[in-house]
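Printed here is model13.cif (mmCIF, C-alpha atoms):
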data_start
loop_
_atom_site.group_PDB
_atom_site.id
_atom_site.type_symbol
_atom_site.label_atom_id
_atom_site.label_comp_id
_atom_site.auth_asym_id
_atom_site.auth_seq_id
_atom_site.Cartn_x
_atom_site.Cartn_y
_atom_site.Cartn_z
ATOM 1 C CA MET A 263 36.285 13.122 -9.515
ATOM 2 C CA SER A 264 38.669 10.547 -10.823
ATOM 3 C CA ASP A 265 36.301 7.646 -11.017
ATOM 4 C CA SER A 266 35.199 7.574 -14.627
ATOM 5 C CA SER A 267 33.360 4.283 -14.285
ATOM 6 C CA SER A 268 30.575 6.050 -12.416
ATOM 7 C CA ALA A 269 29.971 8.509 -15.243
ATOM 8 C CA PRO A 270 27.048 7.931 -17.600
ATOM 9 C CA ASN A 271 28.072 5.551 -20.339
ATOM 10 C CA HIS A 272 26.687 3.811 -23.379
ATOM 11 C CA ASN A 273 24.683 1.533 -21.136
ATOM 12 C CA LEU A 274 22.481 4.451 -20.100
ATOM 13 C CA VAL A 275 19.791 6.031 -22.235
ATOM 14 C CA GLU A 276 18.474 9.448 -21.300
ATOM 15 C CA PHE A 277 14.731 9.936 -20.922
ATOM 16 C CA LYS A 278 12.575 12.851 -19.905
ATOM 17 C CA VAL A 279 9.171 13.009 -18.290
ATOM 18 C CA ASP A 280 6.593 13.636 -20.980
ATOM 19 C CA ARG A 281 3.316 13.406 -19.119
ATOM 20 C CA VAL A 282 1.437 11.906 -16.206
ATOM 21 C CA ILE A 283 -1.765 10.064 -17.052
ATOM 22 C CA ASP A 284 -4.595 9.445 -14.584
ATOM 23 C CA GLU A 285 -5.597 5.812 -14.267
ATOM 24 C CA THR A 286 -8.803 6.631 -12.451
ATOM 25 C CA ALA A 287 -10.091 3.055 -12.281
ATOM 26 C CA THR A 288 -7.272 1.938 -10.006
ATOM 27 C CA ASP A 289 -6.340 5.340 -8.519
ATOM 28 C CA THR A 290 -2.845 5.052 -9.952
ATOM 29 C CA ARG A 291 -0.923 7.282 -12.323
ATOM 30 C CA ILE A 292 1.176 6.435 -15.315
ATOM 31 C CA VAL A 293 4.334 8.459 -15.729
ATOM 32 C CA VAL A 294 5.256 8.444 -19.405
ATOM 33 C CA LEU A 295 8.943 8.928 -20.072
ATOM 34 C CA THR A 296 10.158 9.601 -23.601
ATOM 35 C CA ARG A 297 13.625 9.017 -24.960
ATOM 36 C CA THR A 298 15.488 12.301 -25.298
ATOM 37 C CA ASP A 299 17.077 11.408 -28.656
ATOM 38 C CA SER A 300 13.969 9.653 -29.970
ATOM 39 C CA PRO A 301 10.785 11.189 -28.507
ATOM 40 C CA THR A 302 8.491 8.563 -30.011
ATOM 41 C CA ASP A 303 10.138 5.928 -27.844
ATOM 42 C CA THR A 304 8.031 5.870 -24.679
ATOM 43 C CA PHE A 305 8.513 4.170 -21.345
ATOM 44 C CA PRO A 306 5.575 4.097 -18.915
ATOM 45 C CA ILE A 307 5.885 3.579 -15.162
ATOM 46 C CA TRP A 308 2.910 3.005 -12.881
ATOM 47 C CA VAL A 309 3.036 5.001 -9.667
ATOM 48 C CA GLY A 310 0.679 5.800 -6.805
ATOM 49 C CA ALA A 311 -1.683 8.780 -6.898
ATOM 50 C CA ALA A 312 0.387 10.813 -4.416
ATOM 51 C CA GLU A 313 3.644 10.035 -6.239
ATOM 52 C CA GLY A 314 2.046 10.956 -9.558
ATOM 53 C CA SER A 315 0.837 14.258 -8.226
ATOM 54 C CA ALA A 316 4.309 15.028 -6.802
ATOM 55 C CA ILE A 317 5.723 14.517 -10.302
ATOM 56 C CA LYS A 318 2.956 16.573 -11.883
ATOM 57 C CA LEU A 319 3.586 19.467 -9.499
ATOM 58 C CA ALA A 320 7.266 19.498 -10.435
ATOM 59 C CA MET A 321 6.477 19.299 -14.172
ATOM 60 C CA ASP A 322 4.128 22.242 -13.932
ATOM 61 C CA THR A 323 6.708 24.037 -11.758
ATOM 62 C CA MET A 324 3.863 24.692 -9.372
ATOM 63 C CA VAL A 325 4.828 26.447 -6.195
ATOM 64 C CA THR A 326 2.779 25.098 -3.318
ATOM 65 C CA PRO A 327 2.125 27.245 -0.234
ATOM 66 C CA ARG A 328 4.068 24.755 1.882
ATOM 67 C CA PRO A 329 7.003 22.576 0.792
ATOM 68 C CA MET A 330 5.918 19.136 -0.390
ATOM 69 C CA SER A 331 7.942 16.041 0.583
ATOM 70 C CA HIS A 332 10.298 16.229 -2.408
ATOM 71 C CA ASP A 333 10.785 19.961 -1.925
ATOM 72 C CA LEU A 334 11.907 19.078 1.585
ATOM 73 C CA ILE A 335 14.348 16.508 0.183
ATOM 74 C CA LYS A 336 15.702 19.170 -2.164
ATOM 75 C CA SER A 337 16.001 21.547 0.759
ATOM 76 C CA PHE A 338 18.010 18.962 2.732
ATOM 77 C CA ILE A 339 20.270 18.413 -0.235
ATOM 78 C CA GLU A 340 20.907 22.147 -0.551
ATOM 79 C CA HIS A 341 21.697 22.428 3.142
ATOM 80 C CA LEU A 342 24.161 19.557 2.839
ATOM 81 C CA SER A 343 25.698 21.172 -0.284
ATOM 82 C CA VAL A 344 25.015 17.972 -2.159
ATOM 83 C CA ALA A 345 24.333 17.912 -5.907
ATOM 84 C CA VAL A 346 21.985 15.404 -7.503
ATOM 85 C CA ARG A 347 23.975 14.277 -10.548
ATOM 86 C CA ARG A 348 21.541 11.860 -12.138
ATOM 87 C CA VAL A 349 18.920 9.265 -11.439
ATOM 88 C CA VAL A 350 18.995 5.882 -13.108
ATOM 89 C CA ILE A 351 16.253 3.302 -13.445
ATOM 90 C CA THR A 352 18.416 0.282 -12.902
ATOM 91 C CA ASP A 353 16.310 -2.814 -12.624
ATOM 92 C CA VAL A 354 12.914 -4.386 -12.942
ATOM 93 C CA LYS A 355 11.787 -7.374 -10.882
ATOM 94 C CA SER A 356 8.227 -8.711 -10.945
ATOM 95 C CA SER A 357 6.992 -5.484 -12.589
ATOM 96 C CA THR A 358 8.634 -3.354 -9.898
ATOM 97 C CA TYR A 359 11.189 -0.849 -11.107
ATOM 98 C CA TYR A 360 14.250 0.072 -9.088
ATOM 99 C CA ALA A 361 16.093 3.357 -9.242
ATOM 100 C CA THR A 362 19.380 4.725 -7.971
ATOM 101 C CA VAL A 363 19.988 8.381 -7.178
ATOM 102 C CA TYR A 364 23.575 9.586 -7.675
ATOM 103 C CA LEU A 365 24.610 12.323 -5.279
ATOM 104 C CA GLU A 366 27.877 14.189 -5.156
ATOM 105 C CA SER A 367 29.466 16.311 -2.498
ATOM 106 C CA LYS A 368 33.038 17.584 -2.480
ATOM 107 C CA GLY A 369 33.957 15.216 -5.266
ATOM 108 C CA VAL A 370 32.628 12.168 -3.456
ATOM 109 C CA GLU A 371 29.801 10.302 -5.098
ATOM 110 C CA ARG A 372 27.201 8.424 -3.101
ATOM 111 C CA THR A 373 24.275 6.389 -4.328
ATOM 112 C CA VAL A 374 20.884 5.987 -2.713
ATOM 113 C CA ASP A 375 18.282 3.347 -3.539
ATOM 114 C CA ALA A 376 14.842 4.754 -4.404
ATOM 115 C CA ARG A 377 11.562 4.025 -6.053
ATOM 116 C CA PRO A 378 11.502 5.514 -9.570
ATOM 117 C CA SER A 379 8.673 7.863 -8.513
ATOM 118 C CA ASP A 380 10.811 9.438 -5.771
ATOM 119 C CA ALA A 381 13.869 9.509 -8.039
ATOM 120 C CA ILE A 382 11.946 11.215 -10.854
ATOM 121 C CA SER A 383 10.267 13.679 -8.490
ATOM 122 C CA LEU A 384 13.658 14.680 -7.163
ATOM 123 C CA ALA A 385 15.290 14.777 -10.619
ATOM 124 C CA LEU A 386 12.680 17.255 -11.856
ATOM 125 C CA ARG A 387 13.232 19.506 -8.855
ATOM 126 C CA ALA A 388 17.016 19.221 -8.950
ATOM 127 C CA HIS A 389 17.132 19.569 -12.762
ATOM 128 C CA CYS A 390 19.255 16.492 -13.283
ATOM 129 C CA PRO A 391 19.015 13.919 -16.087
ATOM 130 C CA ILE A 392 16.998 10.699 -15.874
ATOM 131 C CA TYR A 393 18.496 7.551 -17.400
ATOM 132 C CA ILE A 394 17.242 4.034 -17.992
ATOM 133 C CA THR A 395 19.699 1.174 -18.423
ATOM 134 C CA GLN A 396 19.761 -0.702 -21.738
ATOM 135 C CA ASP A 397 19.079 -3.847 -19.770
ATOM 136 C CA VAL A 398 15.814 -2.480 -18.340
ATOM 137 C CA LEU A 399 14.823 -1.165 -21.778
ATOM 138 C CA ALA A 400 15.453 -4.561 -23.323
ATOM 139 C CA ARG A 401 13.334 -6.290 -20.734
ATOM 140 C CA ARG A 402 10.263 -4.100 -20.940
ATOM 141 C CA SER A 403 7.186 -5.751 -22.341
ATOM 142 C CA SER A 404 6.890 -3.432 -25.286
ATOM 143 C CA GLY A 405 4.377 -4.888 -27.720
ATOM 144 C CA ASN A 406 2.040 -2.230 -29.019
ATOM 145 C CA LEU A 407 2.589 0.018 -26.058
ATOM 146 C CA ASP A 408 1.950 3.241 -27.895
ATOM 147 C CA ALA A 409 -1.414 2.049 -29.132
ATOM 148 C CA TRP A 410 -2.232 0.938 -25.627
ATOM 149 C CA LEU A 411 -1.226 4.292 -24.157
ATOM 150 C CA ALA A 412 -3.263 6.151 -26.746
ATOM 151 C CA LYS A 413 -6.257 4.041 -25.828
ATOM 152 C CA MET A 414 -5.650 4.711 -22.173
ATOM 153 C CA GLU A 415 -5.595 8.439 -22.766
ATOM 154 C CA SER A 416 -8.716 8.484 -24.897
ATOM 155 C CA LYS A 417 -10.374 6.389 -22.245
ATOM 156 C CA ASN A 418 -9.611 8.997 -19.639
ATOM 157 C CA LEU A 419 -11.123 11.684 -21.783
ATOM 158 C CA GLY A 420 -14.306 9.816 -22.487
ATOM 159 C CA THR A 421 -15.995 6.646 -21.394
ATOM 160 C CA GLN A 422 -15.479 5.076 -17.997
ATOM 161 C CA GLU A 423 -16.256 1.434 -18.762
ATOM 162 C CA VAL A 424 -13.523 -0.409 -20.573
ATOM 163 C CA GLN A 425 -12.233 -3.912 -20.539
ATOM 164 C CA GLU A 426 -8.778 -4.774 -19.314
ATOM 165 C CA THR A 427 -6.145 -5.474 -21.887
ATOM 166 C CA MET B 1102 8.550 27.771 25.164
ATOM 167 C CA ILE B 1103 8.230 24.401 23.553
ATOM 168 C CA ALA B 1104 6.763 21.196 24.901
ATOM 169 C CA GLN B 1105 7.649 17.656 23.976
ATOM 170 C CA MET B 1106 4.796 15.857 22.269
ATOM 171 C CA HIS B 1107 4.080 12.193 21.968
ATOM 172 C CA LEU B 1108 2.542 10.695 18.913
ATOM 173 C CA LYS B 1109 -0.581 8.980 20.175
ATOM 174 C CA GLY B 1110 -2.069 7.777 16.945
ATOM 175 C CA LEU B 1111 -3.869 8.467 13.727
ATOM 176 C CA MET B 1112 -7.573 8.882 13.147
ATOM 177 C CA PHE B 1113 -9.514 8.960 9.942
ATOM 178 C CA ASP B 1114 -11.640 12.034 9.383
ATOM 179 C CA PRO B 1115 -14.396 10.895 7.015
ATOM 180 C CA TYR B 1116 -15.912 14.369 6.728
ATOM 181 C CA ASN B 1117 -12.773 15.843 5.230
ATOM 182 C CA ASN B 1118 -11.456 12.578 3.783
ATOM 183 C CA ALA B 1119 -8.233 13.257 5.623
ATOM 184 C CA TYR B 1120 -6.344 11.890 8.592
ATOM 185 C CA ILE B 1121 -5.653 13.441 11.965
ATOM 186 C CA VAL B 1122 -2.332 12.906 13.672
ATOM 187 C CA ILE B 1123 -2.832 13.089 17.418
ATOM 188 C CA LEU B 1124 0.026 14.562 19.388
ATOM 189 C CA ARG B 1125 -0.276 14.768 23.150
ATOM 190 C CA GLU B 1126 1.772 16.784 25.550
ATOM 191 C CA GLU B 1127 2.899 14.449 28.275
ATOM 192 C CA ASP B 1128 2.773 16.822 31.261
ATOM 193 C CA HIS B 1129 -0.415 18.700 30.648
ATOM 194 C CA SER B 1130 -2.312 16.220 28.514
ATOM 195 C CA ASP B 1131 -2.939 18.908 25.964
ATOM 196 C CA ILE B 1132 -3.814 17.435 22.617
ATOM 197 C CA LEU B 1133 -2.610 18.830 19.337
ATOM 198 C CA PRO B 1134 -4.486 17.457 16.339
ATOM 199 C CA ILE B 1135 -2.873 17.870 12.941
ATOM 200 C CA TRP B 1136 -4.790 17.188 9.753
ATOM 201 C CA VAL B 1137 -2.667 15.458 7.127
ATOM 202 C CA GLY B 1138 -3.199 13.930 3.691
ATOM 203 C CA LYS B 1139 -3.670 10.261 2.936
ATOM 204 C CA ALA B 1140 -0.119 9.656 1.649
ATOM 205 C CA GLU B 1141 1.455 11.414 4.638
ATOM 206 C CA ALA B 1142 -0.763 9.481 7.047
ATOM 207 C CA GLY B 1143 0.209 6.248 5.319
ATOM 208 C CA SER B 1144 3.873 7.061 5.732
ATOM 209 C CA ILE B 1145 3.468 7.928 9.429
ATOM 210 C CA SER B 1146 1.414 4.802 9.990
ATOM 211 C CA LEU B 1147 4.029 2.512 8.413
ATOM 212 C CA ALA B 1148 6.724 3.957 10.670
ATOM 213 C CA LEU B 1149 4.464 3.743 13.743
ATOM 214 C CA GLU B 1150 3.713 0.098 13.077
ATOM 215 C CA ASN B 1151 7.375 -0.591 12.342
ATOM 216 C CA VAL B 1152 6.475 -2.016 8.981
ATOM 217 C CA ALA B 1153 9.348 -2.200 6.536
ATOM 218 C CA PRO B 1154 7.829 -1.819 3.080
ATOM 219 C CA PRO B 1155 9.444 -3.808 0.240
ATOM 220 C CA ARG B 1156 10.625 -0.574 -1.384
ATOM 221 C CA PRO B 1157 11.666 2.622 0.419
ATOM 222 C CA MET B 1158 8.798 5.048 0.858
ATOM 223 C CA THR B 1159 9.439 8.764 0.314
ATOM 224 C CA HIS B 1160 10.455 9.395 3.934
ATOM 225 C CA ASP B 1161 12.675 6.307 3.976
ATOM 226 C CA PHE B 1162 14.378 7.698 0.892
ATOM 227 C CA MET B 1163 14.678 11.062 2.658
ATOM 228 C CA LYS B 1164 16.343 9.367 5.624
ATOM 229 C CA SER B 1165 18.676 7.382 3.328
ATOM 230 C CA ILE B 1166 19.979 10.629 1.858
ATOM 231 C CA LEU B 1167 20.623 12.083 5.325
ATOM 232 C CA ASP B 1168 22.260 8.799 6.401
ATOM 233 C CA ALA B 1169 24.469 8.782 3.293
ATOM 234 C CA TYR B 1170 25.988 12.059 4.469
ATOM 235 C CA ASP B 1171 25.867 11.283 8.175
ATOM 236 C CA ALA B 1172 23.423 14.128 8.797
ATOM 237 C CA LYS B 1173 21.357 13.629 11.940
ATOM 238 C CA VAL B 1174 17.845 14.815 12.690
ATOM 239 C CA ILE B 1175 18.054 16.187 16.234
ATOM 240 C CA SER B 1176 14.453 17.225 16.723
ATOM 241 C CA VAL B 1177 11.403 18.558 14.959
ATOM 242 C CA VAL B 1178 9.255 21.413 16.204
ATOM 243 C CA ILE B 1179 5.697 22.283 15.219
ATOM 244 C CA THR B 1180 6.109 26.041 15.269
ATOM 245 C CA ASP B 1181 3.106 27.827 13.949
ATOM 246 C CA LEU B 1182 -0.453 27.520 12.869
ATOM 247 C CA SER B 1183 -2.297 29.923 10.645
ATOM 248 C CA GLU B 1184 -5.464 29.334 8.635
ATOM 249 C CA ASN B 1185 -5.315 25.672 9.606
ATOM 250 C CA THR B 1186 -1.882 25.287 8.054
ATOM 251 C CA TYR B 1187 0.810 24.148 10.408
ATOM 252 C CA PHE B 1188 4.455 24.983 10.100
ATOM 253 C CA ALA B 1189 7.316 22.881 11.358
ATOM 254 C CA LYS B 1190 11.060 23.064 11.573
ATOM 255 C CA ILE B 1191 13.474 20.179 11.346
ATOM 256 C CA HIS B 1192 16.703 20.623 13.295
ATOM 257 C CA MET B 1193 19.549 18.770 11.721
ATOM 258 C CA MET B 1194 23.200 18.282 12.610
ATOM 259 C CA TYR B 1195 25.738 17.943 9.817
ATOM 260 C CA GLU B 1196 29.518 18.219 10.177
ATOM 261 C CA ASP B 1197 29.478 20.178 13.469
ATOM 262 C CA SER B 1198 26.898 22.645 12.215
ATOM 263 C CA GLU B 1199 23.241 22.803 13.004
ATOM 264 C CA TYR B 1200 20.704 23.523 10.296
ATOM 265 C CA THR B 1201 17.038 24.352 10.496
ATOM 266 C CA VAL B 1202 14.854 23.269 7.612
ATOM 267 C CA ASP B 1203 11.305 24.481 6.961
ATOM 268 C CA SER B 1204 8.780 21.684 6.517
ATOM 269 C CA ARG B 1205 5.171 20.641 6.825
ATOM 270 C CA PRO B 1206 4.444 18.945 10.167
ATOM 271 C CA SER B 1207 3.443 15.743 8.348
ATOM 272 C CA ASP B 1208 6.891 15.391 6.742
ATOM 273 C CA ALA B 1209 8.606 16.414 9.977
ATOM 274 C CA ILE B 1210 6.694 13.799 11.991
ATOM 275 C CA ALA B 1211 7.153 11.045 9.376
ATOM 276 C CA LEU B 1212 10.895 11.721 9.423
ATOM 277 C CA ALA B 1213 11.153 12.111 13.216
ATOM 278 C CA ILE B 1214 9.697 8.673 13.929
ATOM 279 C CA ARG B 1215 12.106 7.073 11.458
ATOM 280 C CA CYS B 1216 15.069 8.873 13.037
ATOM 281 C CA ASN B 1217 13.881 8.406 16.639
ATOM 282 C CA ALA B 1218 13.992 12.173 17.019
ATOM 283 C CA PRO B 1219 11.799 13.939 19.576
ATOM 284 C CA ILE B 1220 8.790 15.959 18.423
ATOM 285 C CA PHE B 1221 8.103 19.315 20.054
ATOM 286 C CA ALA B 1222 5.377 21.897 19.652
ATOM 287 C CA SER B 1223 5.519 25.536 20.604
ATOM 288 C CA GLU B 1224 3.196 26.517 23.449
ATOM 289 C CA THR B 1225 1.643 29.091 21.159
ATOM 290 C CA VAL B 1226 0.537 26.411 18.723
ATOM 291 C CA ILE B 1227 -0.898 24.280 21.503
ATOM 292 C CA ARG B 1228 -2.761 27.271 22.908
ATOM 293 C CA LYS B 1229 -3.879 28.528 19.531
ATOM 294 C CA GLN B 1230 -5.350 25.302 18.297
ATOM 295 C CA ASN B 1231 -9.053 25.111 18.719
ATOM 296 C CA SER B 1232 -9.580 21.949 20.695
ATOM 297 C CA GLU B 1233 -13.357 22.160 20.576
ATOM 298 C CA GLU B 1234 -13.424 20.679 17.128
ATOM 299 C CA LEU B 1235 -11.381 17.739 18.242
ATOM 300 C CA GLU B 1236 -13.329 17.217 21.437
ATOM 301 C CA GLN B 1237 -16.459 16.936 19.360
ATOM 302 C CA TRP B 1238 -14.613 14.389 17.322
ATOM 303 C CA LEU B 1239 -13.463 12.364 20.249
ATOM 304 C CA GLU B 1240 -16.964 12.181 21.690
ATOM 305 C CA ASN B 1241 -18.124 10.366 18.612
ATOM 306 C CA LEU B 1242 -15.166 8.051 18.404
ATOM 307 C CA LYS B 1243 -14.734 4.506 19.557
ATOM 308 C CA PRO B 1244 -11.322 3.023 20.422
ATOM 309 C CA GLU B 1245 -11.471 0.911 17.262
ATOM 310 C CA ASP B 1246 -11.365 4.082 15.209
ATOM 311 C CA PHE B 1247 -7.798 4.652 16.242
ATOM 312 C CA GLY B 1248 -5.228 3.289 13.835
ATOM 313 C CA LYS B 1249 -2.844 2.562 16.628
ATOM 314 C CA LEU B 1250 -3.006 3.283 20.313
ATOM 315 C CA ASP B 1251 0.016 4.091 22.329
ATOM 316 C CA SER B 1252 -0.091 2.801 25.884
#
Show this structure as structure tokens.
Amino acid sequence: MSDSSSAPNHNLVEFKVDRVIDETATDTRIVVLTRTDSPTDTFPIWVGAAEGSAIKLAMDTMVTPRPMSHDLIKSFIEHLSVAVRRVVITDVKSSTYYATVYLESKGVERTVDARPSDAISLALRAHCPIYITQDVLARRSSGNLDAWLAKMESKNLGTQEVQET
Amino acid sequence: MIAQMHLKGLMFDPYNNAYIVILREEDHSDILPIWVGKAEAGSISLALENVAPPRPMTHDFMKSILDAYDAKVISVVITDLSENTYFAKIHMMYEDSEYTVDSRPSDAIALAIRCNAPIFASETVIRKQNSEELEQWLENLKPEDFGKLDS
């Protein structure tokens, strides 16, 4: 490994998966990432129900009777003697986030394009860090996100009817 | 003994809120139905219809990783069935060595169609599967119920 430019740098901020929230009205899930060095700094990503449950399974370190899709990916990676170094959420275009998975084998690094849900699911199983670029962080529509998330969570606990924000 | 299977289509099973992947053995017309989840069915369906989604789906991502390392999926085999759970193996070639990876049939099939790899089933699985259930199904089905029909 001589290429230092590919190493994590100041442009990357490490996050971890804090929780997965059910958005029952639209059958989607919200994956809430929190900044490792500042846990009150949250970053939500909307994912599909199946993708959300794949992340939840990995968070709970649930062992399913049969390997789920991301367990299979991990199994492939082990067979290929490839290490997952990190996953990076690299871009956002029209509310769609883009991620890159950094793999390494015999000192050679390769990158693979992925949806953040797949990247996060794999990161949790491969125990590698999750980063978001400063650029993506700067472009998120923050506002009063925390208040909104809190409302979302209380909504899931209680009443079903709520207006859109 | 294993037999090559052809993916004939996908059906929705409203009673179990699941999908059935229909595999058919070409020579003997034996049918092997495999119940899969909604997400897995969606992934198989996209590949069957040759639809390229705007972002890579999980099995596209899976294939990208194999492609990045020049690993090839040679074939997939549906190997066993117990308590309505099917087992599959994915045979993969990487740097002159062959590897066998344990998988659910749904993942194996979703990957096989993307890699143009043949799908096999062991004769035991074909014999073991209770076709009565499916025959009952088929009697009540109209052609429109099929997601996609192979000719």
Evaluate the PyMOL selection byres ((chain B and resi 1186) around 9) and report residues as a compact mmCIF listing (two decimals) with C-alpha atoms, in the coordinates of the input:
# COMPACT_ATOMS: atom_id res chain seq x y z
CA ARG A 328 4.07 24.76 1.88
CA ILE B 1135 -2.87 17.87 12.94
CA TRP B 1136 -4.79 17.19 9.75
CA ASP B 1181 3.11 27.83 13.95
CA LEU B 1182 -0.45 27.52 12.87
CA SER B 1183 -2.30 29.92 10.64
CA GLU B 1184 -5.46 29.33 8.64
CA ASN B 1185 -5.32 25.67 9.61
CA TYR B 1187 0.81 24.15 10.41
CA PHE B 1188 4.46 24.98 10.10
CA ARG B 1205 5.17 20.64 6.82
### Task
Apply the PyMOL selection byres ((chain A) within 9 of (chain B)) to the structure shown and report the selected residues as a PyMOL selection string.
chain A and resi 311-313+328-335+337-339+341-342+344+360+365+367+372-377+379-380
### Message
So that I can see what lies close to Asp280 of chain A, please list as a list in words the residues with an atom at most 10 Å from it, counting all atoms listed in the file and leaving out residues fewer than 3 positions away in the same chain.
### Response
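Here the answer would be Phe277, Ile283, Val293, Val294, Leu295, Thr296, Arg297, Thr298, Pro301, Thr304, Phe305, Pro306 and Met321 of chain A.
Interatomic distance, atom CA of Val1226 of chain B to atom CA of Val1177 of chain B: 13.9 Å.
Checking B:Val1174, B:Leu1212, B:Ile1179, B:Leu1124 one by one against Leu1147 of chain B, counting all atoms listed in the file, you find the shortest gap at B:Leu1212.
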### Summary
Correct to one decimal, the distance atom CA of Arg347 of chain A-atom CA of Ser315 of chain A is 23.3 Å
Mind listing as a PDB file with C-alpha atoms, in the coordinates of the input all residues within 9 Å of (22.9, 11.8, -11.6), counting all atoms listed in the file?
ATOM      1  CA  ALA A 269      29.971   8.509 -15.243  1.00  0.00           C
ATOM      2  CA  PRO A 270      27.048   7.931 -17.600  1.00  0.00           C
ATOM      3  CA  ALA A 345      24.333  17.912  -5.907  1.00  0.00           C
ATOM      4  CA  VAL A 346      21.985  15.404  -7.503  1.00  0.00           C
ATOM      5  CA  ARG A 347      23.975  14.277 -10.548  1.00  0.00           C
ATOM      6  CA  ARG A 348      21.541  11.860 -12.138  1.00  0.00           C
ATOM      7  CA  VAL A 349      18.920   9.265 -11.439  1.00  0.00           C
ATOM      8  CA  VAL A 350      18.995   5.882 -13.108  1.00  0.00           C
ATOM      9  CA  THR A 362      19.380   4.725  -7.971  1.00  0.00           C
ATOM     10  CA  VAL A 363      19.988   8.381  -7.178  1.00  0.00           C
ATOM     11  CA  TYR A 364      23.575   9.586  -7.675  1.00  0.00           C
ATOM     12  CA  LEU A 365      24.610  12.323  -5.279  1.00  0.00           C
ATOM     13  CA  GLU A 366      27.877  14.189  -5.156  1.00  0.00           C
ATOM     14  CA  ALA A 385      15.290  14.777 -10.619  1.00  0.00           C
ATOM     15  CA  CYS A 390      19.255  16.492 -13.283  1.00  0.00           C
ATOM     16  CA  PRO A 391      19.015  13.919 -16.087  1.00  0.00           C
ATOM     17  CA  ILE A 392      16.998  10.699 -15.874  1.00  0.00           C
ATOM     18  CA  TYR A 393      18.496   7.551 -17.400  1.00  0.00           C
TER      19      TYR A 393
END
### Query
What separation in Å, quoted to one decimal, exists between atom CA of Gln1105 of chain B and atom CA of Ile1220 of chain B?
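Here the two named atoms are 5.9 Å from each other.
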Segment 1161-1178 of chain B: axis-aligned bounding box, 4 Å on each side, centre and edge lengths in Å, one decimal, as AutoDock Vina command-line options:
--center_x 17.6 --center_y 13.9 --center_z 8.8 --size_x 24.7 --size_y 23.1 --size_z 23.8
### Task
Could you list the residues chosen by the PyMOL selection byres ((chain B and resi 1132) around 10) in this structure as a VMD selection string?
chain B and resid 1106 to 1109 1123 to 1127 1129 to 1131 1133 to 1135 1227 to 1228 1230 1232 1235 to 1236
Got a minute to add N, CA and C atoms to segment 368-379 of chain A and dump it as a short mmCIF file (atom, residue, chain, number, x, y, z; two decimals), keeping the file's coordinate frame?
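Written output follows (result-v7.cif):
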data_model
loop_
_atom_site.label_atom_id
_atom_site.label_comp_id
_atom_site.auth_asym_id
_atom_site.auth_seq_id
_atom_site.Cartn_x
_atom_site.Cartn_y
_atom_site.Cartn_z
N LYS A 368 31.58 17.43 -2.58
CA LYS A 368 33.04 17.58 -2.48
C LYS A 368 33.77 16.48 -3.24
N GLY A 369 33.29 16.20 -4.43
CA GLY A 369 33.96 15.22 -5.27
C GLY A 369 33.70 13.77 -4.90
N VAL A 370 32.91 13.54 -3.85
CA VAL A 370 32.63 12.17 -3.46
C VAL A 370 31.20 11.82 -3.89
N GLU A 371 31.11 10.71 -4.61
CA GLU A 371 29.80 10.30 -5.10
C GLU A 371 29.19 9.25 -4.17
N ARG A 372 27.90 9.42 -3.90
CA ARG A 372 27.20 8.42 -3.10
C ARG A 372 25.92 8.06 -3.84
N THR A 373 25.50 6.81 -3.67
CA THR A 373 24.28 6.39 -4.33
C THR A 373 23.23 6.02 -3.29
N VAL A 374 21.99 6.30 -3.61
CA VAL A 374 20.88 5.99 -2.71
C VAL A 374 19.80 5.25 -3.51
N ASP A 375 19.34 4.14 -2.94
CA ASP A 375 18.28 3.35 -3.54
C ASP A 375 16.95 4.09 -3.41
N ALA A 376 16.13 4.05 -4.45
CA ALA A 376 14.84 4.75 -4.40
C ALA A 376 13.83 4.08 -5.31
N ARG A 377 12.58 4.41 -5.08
CA ARG A 377 11.56 4.03 -6.05
C ARG A 377 11.69 5.02 -7.21
N PRO A 378 11.40 4.58 -8.45
CA PRO A 378 11.50 5.51 -9.57
C PRO A 378 10.67 6.78 -9.36
N SER A 379 9.51 6.67 -8.71
CA SER A 379 8.67 7.86 -8.51
C SER A 379 9.40 8.92 -7.67
#
